[in-house]
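Enquirer: To start, I am sharing the structure in question, which I have written as structure tokens.
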Amino acid sequence: MTGVDDRALRRSVLLVCRSFVASTPIDGAAFTQMTSDAARDPWVASDGTIAEIELAQYSLGEGPTQEAFRTRRPVLVPDLGGPWAAARWPMFVAETAHLPVGGLFALPMQIGAITVGVCEVYRRLPGPLSEEDLHVLLPAMDLATLAVLALRSGSPDHANGVPAQGTLPRPVHQATGMLVAQLGVNAETAFARLRAHAYANGKTIHEVADDIVERRLRLEADVRGQE
């Protein structure tokens with residue numbers, strides 16, 4: 001992507017990024033387009049802090065963004081200044097120690113088999129993302145991912161940010177249906193609860209779906225689910 005079209009696209013994606021930040025319980029975000037660890041484009045950043053975070057990872061070749069893309073799983077760092085992060089990415093943590101970042105969270109931007117890149121978000125204060133935070137964050141990221149895909153292709157807006165049930169793997173489809181009945185919510189909310197629980201507990205959505213289908217796990221209704 002080069003020239004005027006590239007600049008216009010980036011301006012549009014930046015608006016999507018800032019809207020995403022405004023609608024979620026985070027302080028800033030960056031979208032990084034990736035096709036491999038080496039082929040990456042730090043696309044847009046909502047502010048200078050997260051832009052510097054992304055530049056450090058790009059320069060050093062280590063950090064949560066690379067790991068999230070490589071594993072296709074979220075990388076959640078509740079305390080970037082803590083010993084776990086320092087042991088995992090020593091150069092990156094040292095390089096960014098002066099920045100006002102507490103928690104740093106890298107989430108793959110993917111819809112089905114399509115992966116756009118990685119969304120990295122931060123909070124100024126350390127602490128994990130709660131299941132309620134994820135319940136807000138993940139659907140908003142789906143919408144942002146769909147918007148970015150639409151902008152890249154020149155297509156009109158998509159209807160929503162949640163995959164249709166018919167496109168879900170069978171155990172996830174079954175678990176979503178069970179949650180609809182158990183929690184008294186619609187399919188979109190049930191899917192969001194399923195995925196938020198998986199992220200919050202360090203599991204894949206398929207593992208949680210299997211637990212629900214086999215009745216090893218039962219999610220309780222919450223206030224948000226009753227709305």
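Every chain in the structure tokens takes a letter, A first, then B, and so on in the order presented; its residues are numbered from 1, and the ligands are numbered from 1 following the presented order.
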So that I can check the surroundings of Arg216 (chain A), please list as a PDB file with C-alpha atoms, in the first residue's frame every protein, DNA and RNA residue that reaches within 12 Å of it, counting only C-alpha atoms and ignoring chain neighbours fewer than 5 positions away.

Expert:
```pdb
ATOM      1  CA  ALA A 175     -21.841 -24.659  23.654  1.00  0.00           C
ATOM      2  CA  GLU A 207     -11.463 -26.114  25.452  1.00  0.00           C
ATOM      3  CA  VAL A 208     -14.154 -24.076  27.198  1.00  0.00           C
ATOM      4  CA  ALA A 209     -16.771 -25.193  24.672  1.00  0.00           C
ATOM      5  CA  ASP A 210     -15.873 -28.836  25.324  1.00  0.00           C
ATOM      6  CA  ASP A 211     -16.160 -28.274  29.079  1.00  0.00           C
TER       7      ASP A 211
END
```

Enquirer: Kindly provide the residues of region 9-78 of chain A that approach region 116-121 of chain A to within 6 Å, each paired with its closest atom pair and their distance in Å to one decimal, based on only C-alpha atoms, listed by chain and increasing number, as a Markdown table.

Expert:
```
| residue | atom | partner | partner_atom | distance |
| --- | --- | --- | --- | --- |
| A:Gly28 | CA | A:Val121 | CA | 5.6 |
| A:Ala29 | CA | A:Val121 | CA | 4.2 |
| A:Ala30 | CA | A:Glu120 | CA | 5.3 |
| A:Phe31 | CA | A:Cys119 | CA | 4.7 |
| A:Thr32 | CA | A:Val118 | CA | 5.3 |
| A:Gln33 | CA | A:Gly117 | CA | 4.4 |
| A:Met34 | CA | A:Gly117 | CA | 4.7 |
```

Enquirer: Give me the residues within 8 Å of region 185-194 of chain A as a count of residues only, counting only C-alpha atoms and dropping any in the same chain fewer than 2 places off.

Expert: 20

Enquirer: Name all residues at most 10 Å from region 86-101 of chain A (count only C-alpha atoms; drop same-chain ones fewer than 4 positions away) and give them as number ranges by chain.

Expert: A: 27-28, 48-50, 52-54, 56-64, 79-82, 121-126

Enquirer: Could you please take those selected residues and save N, CA, C and O atoms as a JSON list (two decimals), in the first residue's frame?

Expert:
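The result, written out as again-v9.json:
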```json
[["chain", "number", "residue", "atom", "x", "y", "z"],
["A", 27, "ASP", "N", -6.75, 2.31, 27.75],
["A", 27, "ASP", "CA", -6.23, 3.67, 27.59],
["A", 27, "ASP", "C", -5.66, 3.94, 26.21],
["A", 27, "ASP", "O", -5.50, 5.10, 25.83],
["A", 28, "GLY", "N", -5.34, 2.91, 25.46],
["A", 28, "GLY", "CA", -4.81, 3.12, 24.11],
["A", 28, "GLY", "C", -4.68, 1.81, 23.38],
["A", 28, "GLY", "O", -4.69, 0.74, 23.99],
["A", 48, "GLY", "N", 0.89, 8.33, 21.34],
["A", 48, "GLY", "CA", 2.34, 8.18, 21.26],
["A", 48, "GLY", "C", 2.89, 7.05, 22.12],
["A", 48, "GLY", "O", 3.90, 6.43, 21.77],
["A", 49, "THR", "N", 2.24, 6.77, 23.25],
["A", 49, "THR", "CA", 2.72, 5.71, 24.14],
["A", 49, "THR", "C", 2.67, 4.34, 23.46],
["A", 49, "THR", "O", 3.67, 3.62, 23.42],
["A", 50, "ILE", "N", 1.53, 3.99, 22.91],
["A", 50, "ILE", "CA", 1.41, 2.67, 22.28],
["A", 50, "ILE", "C", 2.18, 2.64, 20.96],
["A", 50, "ILE", "O", 2.68, 1.59, 20.56],
["A", 52, "GLU", "N", 5.11, 4.01, 20.59],
["A", 52, "GLU", "CA", 6.48, 3.71, 21.00],
["A", 52, "GLU", "C", 6.62, 2.25, 21.42],
["A", 52, "GLU", "O", 7.65, 1.61, 21.15],
["A", 53, "ILE", "N", 5.60, 1.70, 22.05],
["A", 53, "ILE", "CA", 5.59, 0.28, 22.40],
["A", 53, "ILE", "C", 5.73, -0.58, 21.15],
["A", 53, "ILE", "O", 6.54, -1.53, 21.09],
["A", 54, "GLU", "N", 4.95, -0.26, 20.12],
["A", 54, "GLU", "CA", 4.99, -1.05, 18.88],
["A", 54, "GLU", "C", 6.32, -0.89, 18.16],
["A", 54, "GLU", "O", 6.86, -1.85, 17.60],
["A", 56, "ALA", "N", 9.22, -0.32, 19.51],
["A", 56, "ALA", "CA", 10.23, -1.09, 20.25],
["A", 56, "ALA", "C", 10.15, -2.57, 19.87],
["A", 56, "ALA", "O", 11.18, -3.22, 19.64],
["A", 57, "GLN", "N", 8.95, -3.11, 19.78],
["A", 57, "GLN", "CA", 8.81, -4.51, 19.41],
["A", 57, "GLN", "C", 9.28, -4.76, 17.98],
["A", 57, "GLN", "O", 9.93, -5.77, 17.69],
["A", 58, "TYR", "N", 8.94, -3.83, 17.10],
["A", 58, "TYR", "CA", 9.35, -3.95, 15.70],
["A", 58, "TYR", "C", 10.88, -3.92, 15.58],
["A", 58, "TYR", "O", 11.47, -4.69, 14.83],
["A", 59, "SER", "N", 11.52, -3.05, 16.36],
["A", 59, "SER", "CA", 12.97, -2.89, 16.28],
["A", 59, "SER", "C", 13.71, -4.05, 16.93],
["A", 59, "SER", "O", 14.75, -4.50, 16.43],
["A", 60, "LEU", "N", 13.17, -4.55, 18.06],
["A", 60, "LEU", "CA", 13.87, -5.58, 18.83],
["A", 60, "LEU", "C", 13.50, -7.00, 18.41],
["A", 60, "LEU", "O", 14.24, -7.95, 18.71],
["A", 61, "GLY", "N", 12.38, -7.15, 17.74],
["A", 61, "GLY", "CA", 11.96, -8.49, 17.31],
["A", 61, "GLY", "C", 11.45, -9.36, 18.44],
["A", 61, "GLY", "O", 11.46, -10.59, 18.33],
["A", 62, "GLU", "N", 10.98, -8.76, 19.54],
["A", 62, "GLU", "CA", 10.39, -9.53, 20.62],
["A", 62, "GLU", "C", 9.28, -8.71, 21.27],
["A", 62, "GLU", "O", 9.26, -7.48, 21.19],
["A", 63, "GLY", "N", 8.36, -9.42, 21.89],
["A", 63, "GLY", "CA", 7.27, -8.75, 22.58],
["A", 63, "GLY", "C", 5.94, -9.45, 22.37],
["A", 63, "GLY", "O", 5.83, -10.41, 21.61],
["A", 64, "PRO", "N", 4.89, -8.97, 23.03],
["A", 64, "PRO", "CA", 3.58, -9.62, 22.96],
["A", 64, "PRO", "C", 2.97, -9.67, 21.56],
["A", 64, "PRO", "O", 2.28, -10.64, 21.23],
["A", 79, "ASP", "N", 1.13, -6.89, 34.21],
["A", 79, "ASP", "CA", 2.10, -5.94, 34.75],
["A", 79, "ASP", "C", 3.37, -5.99, 33.90],
["A", 79, "ASP", "O", 4.19, -6.90, 34.06],
["A", 80, "LEU", "N", 3.51, -5.02, 33.01],
["A", 80, "LEU", "CA", 4.68, -4.99, 32.13],
["A", 80, "LEU", "C", 5.96, -4.78, 32.91],
["A", 80, "LEU", "O", 7.05, -5.15, 32.46],
["A", 81, "GLY", "N", 5.87, -4.19, 34.10],
["A", 81, "GLY", "CA", 7.06, -3.96, 34.92],
["A", 81, "GLY", "C", 7.38, -5.11, 35.86],
["A", 81, "GLY", "O", 8.33, -5.03, 36.63],
["A", 82, "GLY", "N", 6.61, -6.19, 35.78],
["A", 82, "GLY", "CA", 6.81, -7.31, 36.69],
["A", 82, "GLY", "C", 7.88, -8.28, 36.22],
["A", 82, "GLY", "O", 8.34, -8.22, 35.07],
["A", 121, "VAL", "N", -3.41, -3.49, 23.17],
["A", 121, "VAL", "CA", -4.02, -2.45, 23.99],
["A", 121, "VAL", "C", -3.25, -2.33, 25.29],
["A", 121, "VAL", "O", -2.59, -3.27, 25.73],
["A", 122, "TYR", "N", -3.34, -1.17, 25.91],
["A", 122, "TYR", "CA", -2.65, -0.99, 27.19],
["A", 122, "TYR", "C", -3.52, -0.22, 28.16],
["A", 122, "TYR", "O", -4.47, 0.48, 27.79],
["A", 123, "ARG", "N", -3.17, -0.39, 29.43],
["A", 123, "ARG", "CA", -3.71, 0.41, 30.52],
["A", 123, "ARG", "C", -2.54, 1.04, 31.26],
["A", 123, "ARG", "O", -1.48, 0.42, 31.39],
["A", 124, "ARG", "N", -2.77, 2.22, 31.77],
["A", 124, "ARG", "CA", -1.69, 2.90, 32.50],
["A", 124, "ARG", "C", -1.39, 2.22, 33.82],
["A", 124, "ARG", "O", -0.25, 2.22, 34.28],
["A", 125, "LEU", "N", -2.40, 1.65, 34.45],
["A", 125, "LEU", "CA", -2.21, 0.98, 35.73],
["A", 125, "LEU", "C", -2.11, -0.53, 35.51],
["A", 125, "LEU", "O", -2.78, -1.08, 34.63],
["A", 126, "PRO", "N", -1.29, -1.22, 36.29],
["A", 126, "PRO", "CA", -1.21, -2.68, 36.16],
["A", 126, "PRO", "C", -2.48, -3.35, 36.66],
["A", 126, "PRO", "O", -3.22, -2.79, 37.46]]
```
